[in-house]
$ cat protein.pdb   # PDB, C-alpha atoms
ATOM      1  CA  MET A1011       0.000   0.000   0.000  1.00  0.00           C
ATOM      2  CA  ARG A1012       1.090   3.540  -0.692  1.00  0.00           C
ATOM      3  CA  ASP A1013       1.186   6.080   2.044  1.00  0.00           C
ATOM      4  CA  ALA A1014      -1.371   8.755   1.095  1.00  0.00           C
ATOM      5  CA  ARG A1015      -0.107  12.109   2.282  1.00  0.00           C
ATOM      6  CA  ILE A1016      -1.593  15.517   1.805  1.00  0.00           C
ATOM      7  CA  ASP A1017       0.808  18.046   0.327  1.00  0.00           C
ATOM      8  CA  ARG A1018       0.957  20.902   2.861  1.00  0.00           C
ATOM      9  CA  ARG A1019       1.462  23.649   0.269  1.00  0.00           C
ATOM     10  CA  LEU A1020      -1.380  22.414  -1.891  1.00  0.00           C
ATOM     11  CA  PHE A1021      -3.667  22.252   1.134  1.00  0.00           C
ATOM     12  CA  LEU A1022      -2.765  25.782   2.306  1.00  0.00           C
ATOM     13  CA  ARG A1023      -3.167  27.187  -1.200  1.00  0.00           C
ATOM     14  CA  GLY A1024      -6.654  25.685  -1.475  1.00  0.00           C
ATOM     15  CA  VAL A1025      -7.770  26.786   1.978  1.00  0.00           C
ATOM     16  CA  GLY A1026      -6.320  30.277   1.513  1.00  0.00           C
ATOM     17  CA  GLY A1027      -8.011  30.768  -1.847  1.00  0.00           C
ATOM     18  CA  ALA A1028     -11.364  29.553  -0.581  1.00  0.00           C
ATOM     19  CA  THR A1029     -11.134  31.728   2.523  1.00  0.00           C
ATOM     20  CA  ALA A1030     -10.214  34.846   0.529  1.00  0.00           C
ATOM     21  CA  GLY A1031     -13.069  34.318  -1.917  1.00  0.00           C
ATOM     22  CA  LEU A1032     -15.563  33.711   0.866  1.00  0.00           C
ATOM     23  CA  ALA A1033     -14.406  36.783   2.805  1.00  0.00           C
ATOM     24  CA  ALA A1034     -14.691  39.021  -0.254  1.00  0.00           C
ATOM     25  CA  ALA A1035     -18.125  37.689  -1.159  1.00  0.00           C
ATOM     26  CA  THR A1036     -19.317  38.107   2.436  1.00  0.00           C
ATOM     27  CA  ALA A1037     -17.982  41.663   2.585  1.00  0.00           C
ATOM     28  CA  LEU A1038     -19.754  42.583  -0.630  1.00  0.00           C
ATOM     29  CA  SER A1039     -23.042  41.037   0.420  1.00  0.00           C
ATOM     30  CA  ALA A1040     -22.922  42.833   3.762  1.00  0.00           C
ATOM     31  CA  CYS A1041     -22.625  46.265   2.154  1.00  0.00           C
ATOM     32  CA  GLY A1042     -25.660  46.143  -0.071  1.00  0.00           C
ATOM     33  CA  THR A1043     -28.094  47.296   2.599  1.00  0.00           C
ATOM     34  CA  GLY A1044     -26.514  50.063   4.649  1.00  0.00           C
ATOM     35  CA  THR A1045     -24.808  52.195   2.043  1.00  0.00           C
ATOM     36  CA  SER A1046     -26.707  51.326  -1.108  1.00  0.00           C
ATOM     37  CA  ARG A1047     -26.650  53.970  -3.773  1.00  0.00           C
ATOM     38  CA  THR A1048     -28.905  54.688  -6.681  1.00  0.00           C
ATOM     39  CA  PRO A1049     -27.251  55.566  -9.969  1.00  0.00           C
ATOM     40  CA  SER A1050     -27.396  59.199 -10.993  1.00  0.00           C
ATOM     41  CA  GLY A1051     -30.334  59.999 -13.180  1.00  0.00           C
ATOM     42  CA  SER A1052     -32.708  57.588 -11.495  1.00  0.00           C
ATOM     43  CA  ALA A1053     -35.007  58.906  -8.863  1.00  0.00           C
ATOM     44  CA  LYS A1054     -37.092  56.590  -6.712  1.00  0.00           C
ATOM     45  CA  GLY A1055     -36.972  52.835  -7.145  1.00  0.00           C
ATOM     46  CA  GLY A1056     -33.652  52.746  -9.008  1.00  0.00           C
ATOM     47  CA  SER A1057     -31.371  49.755  -8.896  1.00  0.00           C
ATOM     48  CA  LYS A1058     -28.830  49.579  -6.087  1.00  0.00           C
ATOM     49  CA  THR A1059     -25.094  50.058  -6.583  1.00  0.00           C
ATOM     50  CA  VAL A1060     -22.096  49.403  -4.374  1.00  0.00           C
ATOM     51  CA  VAL A1061     -18.842  51.220  -5.172  1.00  0.00           C
ATOM     52  CA  VAL A1062     -15.609  49.254  -4.660  1.00  0.00           C
ATOM     53  CA  ARG A1063     -12.093  50.679  -4.785  1.00  0.00           C
ATOM     54  CA  ASP A1064      -9.520  48.304  -6.219  1.00  0.00           C
ATOM     55  CA  SER A1065      -6.225  48.588  -8.041  1.00  0.00           C
ATOM     56  CA  GLY A1066      -7.490  47.490 -11.455  1.00  0.00           C
ATOM     57  CA  GLY A1067      -5.262  45.734 -13.965  1.00  0.00           C
ATOM     58  CA  ALA A1068      -5.206  41.942 -14.235  1.00  0.00           C
ATOM     59  CA  TYR A1069      -6.072  41.602 -10.540  1.00  0.00           C
ATOM     60  CA  GLY A1070      -9.099  43.858 -10.980  1.00  0.00           C
ATOM     61  CA  ALA A1071     -10.213  41.881 -14.036  1.00  0.00           C
ATOM     62  CA  ALA A1072      -9.950  38.652 -12.032  1.00  0.00           C
ATOM     63  CA  LEU A1073     -12.017  40.178  -9.214  1.00  0.00           C
ATOM     64  CA  GLN A1074     -14.617  41.302 -11.740  1.00  0.00           C
ATOM     65  CA  LYS A1075     -14.928  37.797 -13.161  1.00  0.00           C
ATOM     66  CA  ALA A1076     -14.752  35.857  -9.874  1.00  0.00           C
ATOM     67  CA  ILE A1077     -16.596  38.126  -7.436  1.00  0.00           C
ATOM     68  CA  TYR A1078     -18.254  41.263  -8.797  1.00  0.00           C
ATOM     69  CA  THR A1079     -20.179  39.735 -11.715  1.00  0.00           C
ATOM     70  CA  PRO A1080     -21.492  36.712  -9.738  1.00  0.00           C
ATOM     71  CA  PHE A1081     -22.448  39.053  -6.877  1.00  0.00           C
ATOM     72  CA  THR A1082     -24.439  41.275  -9.255  1.00  0.00           C
ATOM     73  CA  GLN A1083     -26.141  38.268 -10.833  1.00  0.00           C
ATOM     74  CA  GLU A1084     -27.128  36.844  -7.456  1.00  0.00           C
ATOM     75  CA  THR A1085     -28.253  40.007  -5.681  1.00  0.00           C
ATOM     76  CA  GLY A1086     -29.128  42.462  -8.441  1.00  0.00           C
ATOM     77  CA  ILE A1087     -26.806  45.027  -6.841  1.00  0.00           C
ATOM     78  CA  ALA A1088     -24.445  46.511  -9.411  1.00  0.00           C
ATOM     79  CA  VAL A1089     -20.747  46.782  -8.520  1.00  0.00           C
ATOM     80  CA  LYS A1090     -19.033  49.953  -9.708  1.00  0.00           C
ATOM     81  CA  VAL A1091     -15.230  49.799  -9.589  1.00  0.00           C
ATOM     82  CA  LEU A1092     -13.319  52.940  -8.658  1.00  0.00           C
ATOM     83  CA  ASN A1093      -9.567  53.220  -9.175  1.00  0.00           C
ATOM     84  CA  LEU A1094      -8.088  55.704  -6.708  1.00  0.00           C
ATOM     85  CA  ASP A1095      -4.575  56.207  -5.440  1.00  0.00           C
ATOM     86  CA  ASP A1096      -3.937  56.158  -1.717  1.00  0.00           C
ATOM     87  CA  ALA A1097      -3.627  59.926  -1.163  1.00  0.00           C
ATOM     88  CA  PRO A1098      -7.011  60.942  -2.654  1.00  0.00           C
ATOM     89  CA  LEU A1099      -8.691  58.022  -0.916  1.00  0.00           C
ATOM     90  CA  LEU A1100      -7.256  58.977   2.480  1.00  0.00           C
ATOM     91  CA  ALA A1101      -8.242  62.612   1.925  1.00  0.00           C
ATOM     92  CA  GLN A1102     -11.823  61.575   1.181  1.00  0.00           C
ATOM     93  CA  ILE A1103     -11.964  59.409   4.290  1.00  0.00           C
ATOM     94  CA  LYS A1104     -10.561  62.179   6.507  1.00  0.00           C
ATOM     95  CA  GLN A1105     -13.157  64.606   5.126  1.00  0.00           C
ATOM     96  CA  GLY A1106     -15.871  62.086   5.912  1.00  0.00           C
ATOM     97  CA  ARG A1107     -16.982  61.873   2.276  1.00  0.00           C
ATOM     98  CA  PRO A1108     -15.491  58.744   0.703  1.00  0.00           C
ATOM     99  CA  GLN A1109     -16.645  57.937  -2.816  1.00  0.00           C
ATOM    100  CA  CYS A1110     -16.524  54.197  -2.222  1.00  0.00           C
ATOM    101  CA  ASP A1111     -18.407  51.770  -0.012  1.00  0.00           C
ATOM    102  CA  LEU A1112     -15.705  49.098   0.054  1.00  0.00           C
ATOM    103  CA  ILE A1113     -11.931  49.191  -0.220  1.00  0.00           C
ATOM    104  CA  ASN A1114     -10.067  46.229  -1.618  1.00  0.00           C
ATOM    105  CA  ASN A1115      -6.857  46.584   0.335  1.00  0.00           C
ATOM    106  CA  SER A1116      -4.423  44.281  -1.392  1.00  0.00           C
ATOM    107  CA  MET A1117      -1.794  45.008   1.276  1.00  0.00           C
ATOM    108  CA  MET A1118       0.277  46.908  -1.287  1.00  0.00           C
ATOM    109  CA  SER A1119      -0.494  50.283   0.253  1.00  0.00           C
TER
END
$ encode --input "protein.pdb" --output "structure tokens"
Amino acid sequence: MRDARIDRRLFLRGVGGATAGLAAATALSACGTGTSRTPSGSAKGGSKTVVVRDSGGAYGAALQKAIYTPFTQETGIAVKVLNLDDAPLLAQIKQGRPQCDLINNSMMS
């Protein structure tokens, strides 16, 4: 008989990826109620939108495919992506008027 062992790196990679995806999906679903926005131009009864700040690029495209689009399909809440550098984002937060509901902090800033 062969000794069946679980590769530690493979296990951690799988658990880490699943945890990150679940955390992001949970964070997005939690924001739809408290800070929902209606798109400009629509008065009462418009569709809801959540604004997310992320870095864009290939990582942003992957987030769009894996999280934002499925979230919109499941909840009907549109995800608008906002690309902001750190300085303008911090200034908005300090003024108490941030343009985004969620911040995807990729630990780069």
$ residues_near_point --input "protein.pdb" --point "(-19.5, 54.1, -4.1)" --cutoff "8 Å" --atoms "only C-alpha atoms" --output "PyMOL selection string"
chain A and resi 1047+1059-1062+1090+1092+1108-1112
$ resolve_selection --input "protein.pdb" --expression "the PyMOL selection byres ((chain A and resi 1063) around 6)" --output "NGL selection string"
:A and (1062 or 1064 or 1091-1093 or 1113-1114)
$ atom_distance --input "protein.pdb" --atom1 "CA of Ala1071 (chain A)" --atom2 "CA of Gln1083 (chain A)"
16.6 Å
$ closest_residue --input "protein.pdb" --among "A:Ser1057, A:Asp1096, A:Gln1102, A:Gly1066" --to "Thr1082 (chain A)" --atoms "all atoms listed in the file"
A:Ser1057
$ atom_distance --input "protein.pdb" --atom1 "CA of Lys1058 (chain A)" --atom2 "CA of Lys1075 (chain A)"
19.5 Å
$ atom_distance --input "protein.pdb" --atom1 "CA of Gly1070 (chain A)" --atom2 "CA of Arg1018 (chain A)"
28.6 Å
